[in-house]
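Enquirer: Here you go, this is structure-v8.tsv (TSV, C-alpha atoms).
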chain	number	residue	atom	x	y	z
A	966	MET	CA	13.98	125.22	137.58
A	967	THR	CA	11.74	127.20	135.25
A	968	MET	CA	10.09	126.17	132.00
A	969	ALA	CA	12.51	128.39	130.11
A	970	ASP	CA	15.45	126.44	131.52
A	971	ASP	CA	13.99	123.14	130.38
A	972	LYS	CA	13.59	124.36	126.85
A	973	ARG	CA	16.97	126.03	126.46
A	974	GLU	CA	18.97	125.00	123.44
A	975	THR	CA	22.12	123.04	123.97
A	976	VAL	CA	24.94	122.55	121.55
A	977	THR	CA	25.82	119.10	120.34
A	978	LEU	CA	29.36	118.93	119.08
A	979	THR	CA	30.05	117.22	115.80
A	980	ASP	CA	32.75	114.53	115.67
A	981	ARG	CA	35.15	116.99	114.11
A	982	GLN	CA	34.51	119.61	116.79
A	983	GLN	CA	34.97	117.01	119.52
A	984	LYS	CA	38.25	115.84	118.03
A	985	ALA	CA	39.46	119.44	117.67
A	986	ARG	CA	38.51	120.24	121.28
A	987	ARG	CA	40.29	117.12	122.54
A	988	SER	CA	43.42	118.05	120.58
A	989	ARG	CA	43.35	121.58	122.05
A	990	SER	CA	42.77	120.27	125.58
A	991	ILE	CA	45.72	117.88	125.35
A	992	ALA	CA	47.98	120.66	124.01
A	993	ILE	CA	46.93	123.04	126.82
A	994	GLY	CA	47.51	120.27	129.39
A	995	ILE	CA	50.99	119.54	128.06
A	996	ALA	CA	51.85	123.26	127.90
A	997	LEU	CA	50.76	123.79	131.52
A	998	ALA	CA	52.70	120.73	132.70
A	999	VAL	CA	55.83	121.95	130.90
A	1000	LEU	CA	55.41	125.40	132.46
A	1001	VAL	CA	55.12	123.88	135.96
A	1002	VAL	CA	58.26	121.77	135.44
A	1003	ILE	CA	60.17	124.78	134.02
A	1004	PHE	CA	59.34	126.99	137.01
A	1005	TYR	CA	60.00	124.17	139.50
A	1006	VAL	CA	63.43	123.30	138.10
A	1007	ALA	CA	64.35	126.95	137.44
A	1008	THR	CA	63.56	127.83	141.05
A	1009	ILE	CA	65.98	125.16	142.28
A	1010	VAL	CA	68.60	126.20	139.70
A	1011	LYS	CA	68.40	129.87	140.65
A	1012	PHE	CA	68.41	129.37	144.43
A	1013	GLY	CA	70.95	126.53	144.42
A	1014	PRO	CA	71.54	124.38	147.52
A	1015	SER	CA	70.43	127.22	149.79
A	1016	ILE	CA	66.84	126.40	148.86
A	1017	LEU	CA	67.05	123.53	151.37
A	1018	SER	CA	68.26	125.66	154.29
A	1019	ARG	CA	65.20	127.18	155.86
A	1020	PRO	CA	64.12	127.62	159.47
A	1021	MET	CA	62.13	124.62	160.66
B	1312	MET	CA	10.52	147.75	123.94
B	1313	ALA	CA	12.58	144.72	124.77
B	1314	LEU	CA	15.84	145.10	126.60
B	1315	VAL	CA	17.44	142.49	124.40
B	1316	ASP	CA	17.00	142.48	120.67
B	1317	ASN	CA	16.27	138.80	120.04
B	1318	ALA	CA	16.52	139.05	116.28
B	1319	ARG	CA	20.09	140.29	116.49
B	1320	ILE	CA	21.12	137.52	118.84
B	1321	GLU	CA	19.72	134.88	116.51
B	1322	GLU	CA	21.49	136.44	113.56
B	1323	THR	CA	24.85	136.33	115.32
B	1324	PRO	CA	26.69	133.38	113.80
B	1325	PHE	CA	27.53	131.11	116.71
B	1326	ARG	CA	30.25	128.73	115.83
B	1327	MET	CA	32.00	126.01	117.80
B	1328	SER	CA	35.71	126.02	117.05
B	1329	GLU	CA	37.12	123.30	114.83
B	1330	ALA	CA	40.68	124.53	115.30
B	1331	THR	CA	43.10	121.79	116.29
B	1332	ALA	CA	46.29	122.25	118.29
B	1333	GLY	CA	48.13	122.00	114.95
B	1334	ASP	CA	46.25	125.03	113.62
B	1335	PHE	CA	47.35	127.07	116.64
B	1336	PHE	CA	50.90	125.82	116.19
B	1337	ALA	CA	50.77	127.02	112.56
B	1338	LEU	CA	49.90	130.52	113.89
B	1339	LEU	CA	53.38	130.61	115.44
B	1340	LYS	CA	55.00	130.54	111.95
B	1341	PRO	CA	57.22	127.53	112.78
B	1342	ARG	CA	59.60	128.06	109.85
B	1343	VAL	CA	60.34	131.67	110.84
B	1344	MET	CA	60.57	130.48	114.44
B	1345	SER	CA	63.29	127.96	113.53
B	1346	LEU	CA	65.48	130.79	112.18
B	1347	VAL	CA	64.77	132.84	115.32
B	1348	VAL	CA	65.71	129.90	117.55
B	1349	PHE	CA	68.93	129.35	115.65
B	1350	THR	CA	70.09	133.00	115.63
B	1351	ALA	CA	69.12	133.50	119.29
B	1352	PHE	CA	71.01	130.31	120.16
B	1353	VAL	CA	74.13	131.61	118.38
B	1354	GLY	CA	73.90	134.93	120.25
B	1355	LEU	CA	73.47	133.13	123.57
B	1356	VAL	CA	76.29	130.59	123.09
B	1357	ALA	CA	78.77	133.00	121.47
B	1358	ALA	CA	78.39	135.53	124.31
B	1359	PRO	CA	81.40	135.72	126.64
B	1360	ALA	CA	79.47	134.60	129.71
B	1361	THR	CA	78.21	131.34	131.09
B	1362	ILE	CA	74.57	130.77	131.77
B	1363	ASN	CA	73.10	127.73	133.46
B	1364	PRO	CA	72.24	125.26	130.64
B	1365	PHE	CA	68.68	124.84	131.90
B	1366	LEU	CA	68.13	128.60	131.97
B	1367	ALA	CA	69.68	128.80	128.51
B	1368	VAL	CA	67.06	126.35	127.22
B	1369	VAL	CA	64.32	128.35	128.97
B	1370	ALA	CA	65.64	131.57	127.38
B	1371	ILE	CA	65.63	130.07	123.87
B	1372	LEU	CA	62.14	128.62	124.45
B	1373	ALA	CA	60.82	131.99	125.67
B	1374	ILE	CA	62.36	133.83	122.70
B	1375	ALA	CA	60.85	131.24	120.32
B	1376	ILE	CA	57.39	131.53	121.90
B	1377	GLY	CA	57.62	135.34	121.87
B	1378	ALA	CA	58.55	135.30	118.17
B	1379	GLY	CA	55.70	132.86	117.52
B	1380	ALA	CA	53.28	135.11	119.40
B	1381	SER	CA	54.21	138.04	117.18
B	1382	GLY	CA	53.58	135.75	114.20
B	1383	ALA	CA	50.08	134.98	115.54
B	1384	LEU	CA	49.37	138.70	115.99
B	1385	ASN	CA	50.60	139.28	112.43
B	1386	MET	CA	48.24	136.59	111.11
B	1387	TRP	CA	45.36	138.08	113.11
B	1388	TYR	CA	45.84	141.52	111.57
B	1389	ASP	CA	46.82	140.42	108.07
B	1390	ALA	CA	44.08	137.81	107.50
B	1391	ASP	CA	42.46	139.97	104.79
B	1392	ILE	CA	45.62	140.27	102.68
B	1393	ASP	CA	46.76	136.71	103.45
B	1394	ALA	CA	43.49	135.48	101.92
B	1395	VAL	CA	44.30	136.92	98.49
B	1396	MET	CA	47.93	135.79	98.26
B	1397	THR	CA	48.63	132.24	97.04
B	1398	ARG	CA	51.56	131.85	99.45
B	1399	THR	CA	49.44	132.62	102.52
B	1400	ALA	CA	45.82	131.78	101.59
B	1401	ASP	CA	45.93	128.48	103.48
B	1402	ARG	CA	47.02	130.05	106.79
B	1403	PRO	CA	44.71	129.18	109.72
B	1404	VAL	CA	42.82	132.51	109.88
B	1405	PRO	CA	42.11	133.21	106.17
B	1406	SER	CA	41.16	129.55	105.65
B	1407	GLY	CA	38.63	129.86	108.49
B	1408	ARG	CA	40.09	127.17	110.76
B	1409	VAL	CA	40.91	129.73	113.47
B	1410	THR	CA	38.83	132.86	114.08
B	1411	PRO	CA	40.59	136.26	114.19
B	1412	GLY	CA	39.59	136.62	117.84
B	1413	GLU	CA	41.19	133.30	118.74
B	1414	ALA	CA	44.41	134.28	116.94
B	1415	LEU	CA	44.51	137.65	118.72
B	1416	ALA	CA	43.93	136.13	122.16
B	1417	PHE	CA	46.49	133.40	121.49
B	1418	GLY	CA	49.10	135.97	120.40
B	1419	LEU	CA	48.51	138.28	123.36
B	1420	VAL	CA	48.58	135.50	125.97
B	1421	LEU	CA	51.77	133.95	124.57
B	1422	SER	CA	53.42	137.40	124.29
B	1423	ALA	CA	52.78	138.12	127.96
B	1424	LEU	CA	53.76	134.61	129.05
B	1425	SER	CA	57.04	134.56	127.09
B	1426	VAL	CA	58.15	138.03	128.25
B	1427	MET	CA	57.28	137.34	131.91
B	1428	THR	CA	59.02	133.95	131.87
B	1429	LEU	CA	62.19	135.42	130.34
B	1430	GLY	CA	62.15	138.30	132.81
B	1431	VAL	CA	61.50	136.27	135.96
B	1432	LEU	CA	63.80	133.33	135.17
B	1433	VAL	CA	66.62	134.91	133.11
B	1434	ASN	CA	66.88	138.73	133.19
B	1435	TRP	CA	64.76	141.78	132.51
B	1436	LEU	CA	66.99	143.31	129.84
B	1437	SER	CA	66.43	140.33	127.54
B	1438	ALA	CA	62.72	140.31	128.46
B	1439	SER	CA	62.43	144.02	127.60
B	1440	LEU	CA	64.14	143.43	124.26
B	1441	LEU	CA	61.76	140.54	123.55
B	1442	ALA	CA	58.74	142.71	124.41
B	1443	PHE	CA	60.07	145.46	122.15
B	1444	THR	CA	60.62	142.96	119.32
B	1445	ILE	CA	57.05	141.65	119.58
B	1446	PHE	CA	55.73	145.23	119.63
B	1447	PHE	CA	57.94	146.20	116.69
B	1448	TYR	CA	56.83	143.25	114.55
B	1449	ALA	CA	53.13	143.32	115.43
B	1450	VAL	CA	52.51	147.07	115.65
B	1451	VAL	CA	55.29	148.98	113.86
B	1452	TYR	CA	55.72	146.51	110.98
B	1453	THR	CA	52.38	144.68	110.59
B	1454	ILE	CA	49.89	147.39	111.52
B	1455	TRP	CA	51.76	150.51	110.49
B	1456	LEU	CA	54.52	150.04	107.88
B	1457	LYS	CA	53.51	146.98	105.86
B	1458	ARG	CA	50.57	148.63	104.10
B	1459	SER	CA	51.94	152.16	103.95
B	1460	THR	CA	55.50	152.19	102.58
B	1461	PRO	CA	57.75	150.15	100.26
B	1462	GLN	CA	60.40	150.51	102.97
B	1463	ASN	CA	58.20	148.21	105.13
B	1464	ILE	CA	60.59	145.28	105.30
B	1465	VAL	CA	63.68	147.50	105.56
B	1466	ILE	CA	62.51	148.96	108.88
B	1467	GLY	CA	60.42	145.95	109.88
B	1468	GLY	CA	63.48	143.77	109.33
B	1469	ALA	CA	64.75	145.04	112.67
B	1470	ALA	CA	62.26	142.75	114.40
B	1471	GLY	CA	63.83	139.69	112.78
B	1472	ALA	CA	67.30	140.97	113.61
B	1473	PHE	CA	66.75	141.19	117.38
B	1474	PRO	CA	66.84	137.48	118.41
B	1475	PRO	CA	70.68	137.15	118.55
B	1476	VAL	CA	70.78	140.39	120.59
B	1477	ILE	CA	68.18	138.94	122.98
B	1478	GLY	CA	70.15	135.68	123.24
B	1479	TRP	CA	73.35	137.65	123.96
B	1480	ALA	CA	71.53	139.78	126.56
B	1481	ALA	CA	70.11	136.63	128.20
B	1482	ALA	CA	73.65	135.32	128.75
B	1483	THR	CA	75.47	138.56	129.62
B	1484	GLY	CA	72.80	141.00	130.80
B	1485	THR	CA	74.20	143.55	128.33
B	1486	VAL	CA	74.00	144.70	124.71
B	1487	SER	CA	77.45	145.03	123.17
B	1488	LEU	CA	79.11	145.77	119.82
B	1489	GLU	CA	79.38	142.06	118.98
B	1490	SER	CA	75.65	141.52	119.32
B	1491	VAL	CA	74.89	144.75	117.45
B	1492	ILE	CA	76.95	143.42	114.51
B	1493	LEU	CA	74.91	140.18	114.55
B	1494	PHE	CA	71.84	142.43	114.46
B	1495	LEU	CA	73.28	144.35	111.49
B	1496	ILE	CA	73.96	141.18	109.51
B	1497	ILE	CA	70.29	140.10	109.69
B	1498	PHE	CA	69.05	143.68	109.27
B	1499	LEU	CA	71.01	144.19	106.01
B	1500	TRP	CA	70.18	140.66	104.82
B	1501	THR	CA	66.40	141.13	105.12
B	1502	PRO	CA	65.73	143.58	102.23
B	1503	PRO	CA	67.55	141.61	99.49
B	1504	HIS	CA	66.03	138.36	100.85
B	1505	PHE	CA	62.44	139.64	100.77
B	1506	TRP	CA	62.80	141.70	97.60
B	1507	ALA	CA	64.09	138.63	95.76
B	1508	LEU	CA	60.85	136.91	96.87
B	1509	ALA	CA	58.78	140.00	96.02
B	1510	LEU	CA	60.22	140.09	92.48
B	1511	PHE	CA	58.79	136.69	91.57
B	1512	LYS	CA	55.68	137.08	93.75
B	1513	SER	CA	54.93	140.69	92.80
B	1514	GLY	CA	51.53	139.70	91.36
B	1515	ASP	CA	50.53	138.37	94.78
B	1516	TYR	CA	51.54	141.55	96.62
B	1517	GLU	CA	49.88	143.72	93.97
B	1518	ARG	CA	46.57	141.86	94.35
B	1519	ALA	CA	46.78	142.24	98.12
B	1520	GLY	CA	47.59	145.95	97.84
B	1521	VAL	CA	50.84	145.61	99.79
B	1522	PRO	CA	53.32	148.26	98.58
B	1523	MET	CA	56.35	146.02	98.13
B	1524	MET	CA	59.32	147.59	96.34
B	1525	PRO	CA	58.76	145.93	92.89
B	1526	ASN	CA	55.13	147.15	92.81
B	1527	VAL	CA	56.01	150.71	93.82
B	1528	ALA	CA	59.49	151.52	92.48
B	1529	GLY	CA	59.50	148.92	89.70
B	1530	ALA	CA	61.53	145.75	89.14
B	1531	ALA	CA	64.62	147.55	87.79
B	1532	SER	CA	64.93	149.79	90.84
B	1533	THR	CA	64.39	146.79	93.14
B	1534	ARG	CA	67.16	144.86	91.40
B	1535	ARG	CA	69.56	147.80	91.86
B	1536	GLN	CA	68.64	148.12	95.54
B	1537	ILE	CA	69.13	144.38	96.08
B	1538	PHE	CA	72.62	144.68	94.63
B	1539	ALA	CA	73.40	147.75	96.77
B	1540	TYR	CA	72.36	145.94	99.95
B	1541	ALA	CA	74.46	142.92	98.94
B	1542	LEU	CA	77.50	145.20	98.57
B	1543	VAL	CA	77.00	146.49	102.12
B	1544	LEU	CA	76.06	143.14	103.65
B	1545	ALA	CA	79.14	141.25	102.39
B	1546	PRO	CA	81.73	143.38	104.30
B	1547	VAL	CA	79.52	143.64	107.42
B	1548	GLY	CA	79.48	139.81	107.55
B	1549	VAL	CA	83.30	139.89	107.78
B	1550	LEU	CA	83.37	142.58	110.53
B	1551	PRO	CA	83.65	140.11	113.47
B	1552	TRP	CA	87.00	138.96	112.06
B	1553	TYR	CA	88.09	142.47	111.05
B	1554	LEU	CA	87.40	143.78	114.56
B	1555	GLY	CA	89.46	140.95	115.99
B	1556	TYR	CA	87.01	138.93	118.04
B	1557	ALA	CA	86.41	136.13	115.50
B	1558	GLY	CA	89.08	133.93	113.96
B	1559	ALA	CA	90.51	133.93	110.44
B	1560	ALA	CA	88.54	130.78	109.57
B	1561	TYR	CA	85.31	132.65	110.25
B	1562	GLY	CA	86.61	135.63	108.25
B	1563	ALA	CA	87.39	133.42	105.25
B	1564	VAL	CA	84.00	131.64	105.36
B	1565	ALA	CA	82.10	134.93	105.76
B	1566	ALA	CA	84.07	136.54	102.92
B	1567	LEU	CA	83.32	133.61	100.57
B	1568	LEU	CA	79.65	133.56	101.52
B	1569	GLY	CA	79.46	137.33	101.07
B	1570	ALA	CA	81.11	137.08	97.64
B	1571	GLY	CA	78.47	134.47	96.74
B	1572	PHE	CA	75.72	136.84	97.89
B	1573	VAL	CA	77.13	139.64	95.70
B	1574	TRP	CA	77.43	137.21	92.77
B	1575	TYR	CA	73.80	136.05	93.03
B	1576	SER	CA	72.65	139.68	93.42
B	1577	TRP	CA	74.70	140.63	90.36
B	1578	LYS	CA	72.83	137.94	88.41
B	1579	VAL	CA	69.55	139.47	89.62
B	1580	LEU	CA	70.78	142.94	88.57
B	1581	LEU	CA	71.39	141.62	85.05
B	1582	MET	CA	67.97	139.96	84.89
B	1583	ARG	CA	65.90	141.21	81.95
B	1584	ASP	CA	62.56	142.92	82.43
B	1585	ASP	CA	60.81	140.32	80.24
B	1586	ASP	CA	62.28	137.38	82.22
B	1587	SER	CA	59.10	135.73	83.51
B	1588	ALA	CA	60.84	132.64	84.96
B	1589	MET	CA	62.99	134.90	87.18
B	1590	LYS	CA	65.43	132.12	87.93
B	1591	PRO	CA	68.14	134.52	89.26
B	1592	ALA	CA	65.67	135.99	91.82
B	1593	LYS	CA	64.60	132.50	92.94
B	1594	ALA	CA	68.25	131.46	93.16
B	1595	LEU	CA	69.10	134.53	95.27
B	1596	PHE	CA	66.15	133.85	97.58
B	1597	ALA	CA	67.33	130.27	98.17
B	1598	TYR	CA	70.97	131.35	98.53
B	1599	SER	CA	70.08	134.10	101.01
B	1600	LEU	CA	68.63	131.48	103.38
B	1601	LEU	CA	71.79	129.41	103.06
B	1602	TYR	CA	73.93	132.55	103.58
B	1603	LEU	CA	72.31	133.53	106.86
B	1604	PHE	CA	72.38	129.99	108.23
B	1605	ALA	CA	76.00	129.45	107.17
B	1606	VAL	CA	77.33	132.79	108.51
B	1607	PHE	CA	75.74	132.21	111.90
B	1608	ALA	CA	76.86	128.57	111.97
B	1609	ALA	CA	80.44	129.68	111.18
B	1610	TYR	CA	80.26	132.33	113.92
B	1611	LEU	CA	78.98	129.74	116.39
B	1612	ALA	CA	81.68	127.21	115.43
B	1613	ASP	CA	84.36	129.89	115.72
B	1614	SER	CA	83.32	131.00	119.20
B	1615	VAL	CA	82.93	127.42	120.46
B	1616	ALA	CA	86.33	126.44	119.01
B	1617	GLU	CA	87.97	129.52	120.53
B	1618	ARG	CA	86.52	128.68	123.95
B	1619	ALA	CA	87.58	125.02	123.65
B	1620	LEU	CA	91.12	126.05	122.69
B	1621	GLY	CA	91.14	128.48	125.60
B	1622	LEU	CA	90.22	125.66	127.96
B	1623	VAL	CA	92.96	123.41	126.52
B	1624	GLY	CA	95.50	126.23	126.82
B	1625	ALA	CA	94.51	126.95	130.42
Using C-alpha cells, write down the structure from this file.
Expert:
Amino acid sequence: MTMADDKRETVTLTDRQQKARRSRSIAIGIALAVLVVIFYVATIVKFGPSILSRPM
Amino acid sequence: MALVDNARIEETPFRMSEATAGDFFALLKPRVMSLVVFTAFVGLVAAPATINPFLAVVAILAIAIGAGASGALNMWYDADIDAVMTRTADRPVPSGRVTPGEALAFGLVLSALSVMTLGVLVNWLSASLLAFTIFFYAVVYTIWLKRSTPQNIVIGGAAGAFPPVIGWAAATGTVSLESVILFLIIFLWTPPHFWALALFKSGDYERAGVPMMPNVAGAASTRRQIFAYALVLAPVGVLPWYLGYAGAAYGAVAALLGAGFVWYSWKVLLMRDDDSAMKPAKALFAYSLLYLFAVFAAYLADSVAERALGLVGA
C-alpha cells in the first residue's frame, strides 16, 4: 500500500443517501426475484409435462 | 504537462444519488401506464385465441414496463421543458432527484428487458410491436415531432394507440382488422384529448416553447379541429358493432358515449375567446378519459359475454 492510497478521499453517505440507496437496493432485489420466478414458471408453462422427461 | 488535468476533475460535481425507488417508479409515468395496461388487457382478452393465463400476465407486465421505459426516456429528453411547465416541474429529473443519465440508463435497460421478455416468453410479433412503440414514442414523438410541429400529438398519438394491438398480437400472433380498429379509436381520441388540455394549459406550453396547436394555429382553430376529430371518432367507436363482431349492447353504449364526446366538443367549439375559466375544455378533457375507459370496458364486457354465451350454447 502506498502513501497515496492511505490518503485517498472516501465518501461518507448522508442519512438521506443511505436511505435512498437502501430503497433502490430493495427494489432491485425484488425486481430480480420476480424476474427469476417469471422465467422459472414460464419455462414450465411453455414446455408442459415434457419438461420432466429427459434422459437420465 | 500532466496527463490528467487535476483542476477539471475537482471541478466535476460528484454527487451521490438521493433517488429512491419511488422516484424511479415515477419515471415510468404510472398514470399513463395504467391506461396502457387496461387497453392492452382488453386487446389480449378480446382476441379470439386462448393464451396461458400466466403468459397473459407476463405479456401485460412486459407491455406495461415497455410503456414505462418509453416514459423514462421521454422524461430524460424533455427535462428542460418539463422544468418550466407547472404540470411537470416536479417530475424526478427536472426536480433534481434523478439525474438525466440515470433516467436514460433506466429507460434503455427496461426497454431491452421488456422487449426481450415478451419475445422469448410470448411471441416475437408482439415484442417487435412493443419495440416499435417505444422507438416511436421516445424518438419519433419526443425527440423529433414534439418540438417541431403542432401535429406532434396527432402523429405521436400512434404510440399510445399501439398497446391493444400488442395485446391482441400477444394472444393471436397476428394483427387483424379488429385490433386495427382499437388502434384507430385511441389514435383519433388523442388529438381532442390533448388539445382540450393544451387549450387551458397553453401558457405552460408557450413558456416551454412546445408548438402545441393553440399556440401555433390559435384557440379558435384548435376548437374547430377538436370538433372535427370528435365527429370522426364517434362513428369509429361504433365500427366493431357495425362490422358485426361486437354485439348491439356494445354498439348502443359506444354510440351514446360518442354522442357525449361530440356534445362536449360542441361546447368547446362554442367557447368564447375571452373565456379564461375554460370550463368546457376542462369538461371535455375529463370526459375524454371517461370515454376511452368506458368504450374499452364495454368492448371487453361484450367479448367476454359473447364467449360465455358461446360456452353455454356449446
Enquirer: Quick one: residues within 10 Å of Ile993 in chain A, all atoms listed in the file counted, chain neighbours fewer than 6 positions away excluded, as a ChimeraX atom specification?
Expert: /A:987,999 /B:1332
Enquirer: Quick one: of B:Leu1339, B:Asn1363, B:Tyr1556, B:Gly1569, who's nearest to chain A, counting only C-alpha atoms?
Expert: B:Asn1363
Enquirer: Only residues of chain A matter here; which ones have an atom within 9 Å of chain B, counting all atoms listed in the file? Give them as JSON, numbers by chain.
Expert: {"A": [976, 978, 981, 982, 983, 984, 985, 986, 987, 988, 989, 990, 991, 992, 993, 1003, 1004, 1006, 1007, 1008, 1010, 1011]}
Enquirer: What is the CA of Leu1595 in chain B to CA of Leu1495 in chain B distance in Å?
Expert: 19.4 Å
Enquirer: Between CA of Asn1434 in chain B and CA of Ser1381 in chain B, measure the distance and give it in Å to one decimal.
Expert: 20.4 Å
